[in-house]
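A.B. asks: Pasting final.pdb here (PDB, C-alpha atoms):
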```
MODEL        1
ATOM      1  CA  MET F   1      47.654  16.153  12.700  1.00  0.00           C
ATOM      2  CA  GLN F   2      49.566  13.985  10.252  1.00  0.00           C
ATOM      3  CA  ARG F   3      51.222  17.093   8.836  1.00  0.00           C
ATOM      4  CA  LEU F   4      52.423  17.905  12.356  1.00  0.00           C
ATOM      5  CA  ILE F   5      53.906  14.446  12.984  1.00  0.00           C
ATOM      6  CA  SER F   6      55.558  13.763   9.605  1.00  0.00           C
ATOM      7  CA  PRO F   7      58.377  16.361   9.904  1.00  0.00           C
ATOM      8  CA  ILE F   8      59.360  14.746  13.214  1.00  0.00           C
ATOM      9  CA  LEU F   9      59.477  11.303  11.594  1.00  0.00           C
ATOM     10  CA  THR F  10      61.675  12.504   8.728  1.00  0.00           C
ATOM     11  CA  ARG F  11      64.273  13.594  11.290  1.00  0.00           C
ATOM     12  CA  ARG F  12      64.672  10.007  12.502  1.00  0.00           C
ATOM     13  CA  PRO F  13      68.229   9.271  13.694  1.00  0.00           C
ATOM     14  CA  VAL F  14      70.303   7.155  11.323  1.00  0.00           C
ATOM     15  CA  LEU F  15      71.157   4.829  14.225  1.00  0.00           C
ATOM     16  CA  LEU F  16      67.604   3.493  14.147  1.00  0.00           C
ATOM     17  CA  ALA F  17      67.853   2.579  10.470  1.00  0.00           C
ATOM     18  CA  GLY F  18      66.542  -0.997  10.895  1.00  0.00           C
ATOM     19  CA  PRO F  19      62.916  -1.546   9.848  1.00  0.00           C
ATOM     20  CA  LEU F  20      61.912  -2.863  13.277  1.00  0.00           C
ATOM     21  CA  SER F  21      63.553  -0.149  15.339  1.00  0.00           C
ATOM     22  CA  ALA F  22      62.324   2.497  12.897  1.00  0.00           C
ATOM     23  CA  ARG F  23      58.762   1.295  13.359  1.00  0.00           C
ATOM     24  CA  ARG F  24      59.192   1.287  17.125  1.00  0.00           C
ATOM     25  CA  TYR F  25      60.648   4.811  16.974  1.00  0.00           C
ATOM     26  CA  ASP F  26      57.681   5.965  14.850  1.00  0.00           C
ATOM     27  CA  ALA F  27      55.277   4.497  17.402  1.00  0.00           C
ATOM     28  CA  VAL F  28      57.027   6.235  20.293  1.00  0.00           C
ATOM     29  CA  VAL F  29      57.208   9.571  18.466  1.00  0.00           C
ATOM     30  CA  SER F  30      53.574   9.494  17.373  1.00  0.00           C
ATOM     31  CA  LEU F  31      52.489   8.514  20.892  1.00  0.00           C
ATOM     32  CA  ASN F  32      54.453  11.422  22.341  1.00  0.00           C
ATOM     33  CA  ALA F  33      53.031  13.785  19.725  1.00  0.00           C
ATOM     34  CA  HIS F  34      49.523  12.556  20.511  1.00  0.00           C
ATOM     35  CA  ARG F  35      50.084  13.065  24.236  1.00  0.00           C
ATOM     36  CA  GLU F  36      51.495  16.538  23.672  1.00  0.00           C
ATOM     37  CA  ALA F  37      48.593  17.508  21.410  1.00  0.00           C
ATOM     38  CA  ARG F  38      46.110  16.316  24.018  1.00  0.00           C
ATOM     39  CA  ARG F  39      47.936  18.261  26.732  1.00  0.00           C
ATOM     40  CA  LEU F  40      47.911  21.414  24.576  1.00  0.00           C
ATOM     41  CA  ARG F  41      44.217  20.990  23.807  1.00  0.00           C
ATOM     42  CA  GLU F  42      43.375  20.505  27.497  1.00  0.00           C
ATOM     43  CA  SER F  43      45.353  23.572  28.557  1.00  0.00           C
ATOM     44  CA  ALA F  44      43.735  25.622  25.776  1.00  0.00           C
ATOM     45  CA  GLN F  45      40.281  24.548  26.967  1.00  0.00           C
ATOM     46  CA  ARG F  46      41.219  25.431  30.542  1.00  0.00           C
ATOM     47  CA  ILE F  47      42.427  28.889  29.480  1.00  0.00           C
ATOM     48  CA  LEU F  48      39.254  29.455  27.439  1.00  0.00           C
ATOM     49  CA  ALA F  49      37.076  28.382  30.364  1.00  0.00           C
ATOM     50  CA  VAL F  50      38.871  30.747  32.740  1.00  0.00           C
ATOM     51  CA  SER F  51      38.773  33.674  30.298  1.00  0.00           C
ATOM     52  CA  ALA F  52      35.074  33.017  29.605  1.00  0.00           C
ATOM     53  CA  ARG F  53      34.417  33.062  33.340  1.00  0.00           C
ATOM     54  CA  TYR F  54      36.107  36.470  33.599  1.00  0.00           C
ATOM     55  CA  MET F  55      34.447  37.884  30.485  1.00  0.00           C
ATOM     56  CA  LEU F  56      30.846  36.896  31.264  1.00  0.00           C
ATOM     57  CA  PRO F  57      30.183  39.319  34.176  1.00  0.00           C
ATOM     58  CA  GLY F  58      31.476  42.255  32.120  1.00  0.00           C
ATOM     59  CA  ALA F  59      29.232  41.480  29.147  1.00  0.00           C
TER      60      ALA F  59
ENDMDL
END
```
Write out the structure in this file as structure tokens.

C.D. replies:
Amino acid sequence: MQRLISPILTRRPVLLAGPLSARRYDAVVSLNAHREARRLRESAQRILAVSARYMLPGA
């Protein structure tokens, strides 16, 4: 997970160079990344559940 977030953090805009704003930007980015990861995981589980439902009768 950290490997996924760190490349985003290295591309931080130079405008937010201050330590405070940089920390705030990191928090926002990691929160967004966390939300996106959760959304992806939920959709993957939904797809797996649906495909399992279709595969079971044929087994």

A.B. asks: Between CA of Asn32 (chain F) and CA of Val50 (chain F), measure the distance and give it in Å to one decimal.

C.D. replies: 26.9 Å

A.B. asks: Could you please determine the separation between CA of Leu40 (chain F) and CA of Tyr25 (chain F) in Å, to one decimal place?

C.D. replies: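 That distance, rounded to one decimal, is 22.3 Å.
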
A.B. asks: Between CA of Val29 (chain F) and CA of Glu42 (chain F), what is the spacing in Å?

C.D. replies: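 Result for CA of Glu42 (chain F) versus CA of Val29 (chain F): 19.8 Å, one decimal.
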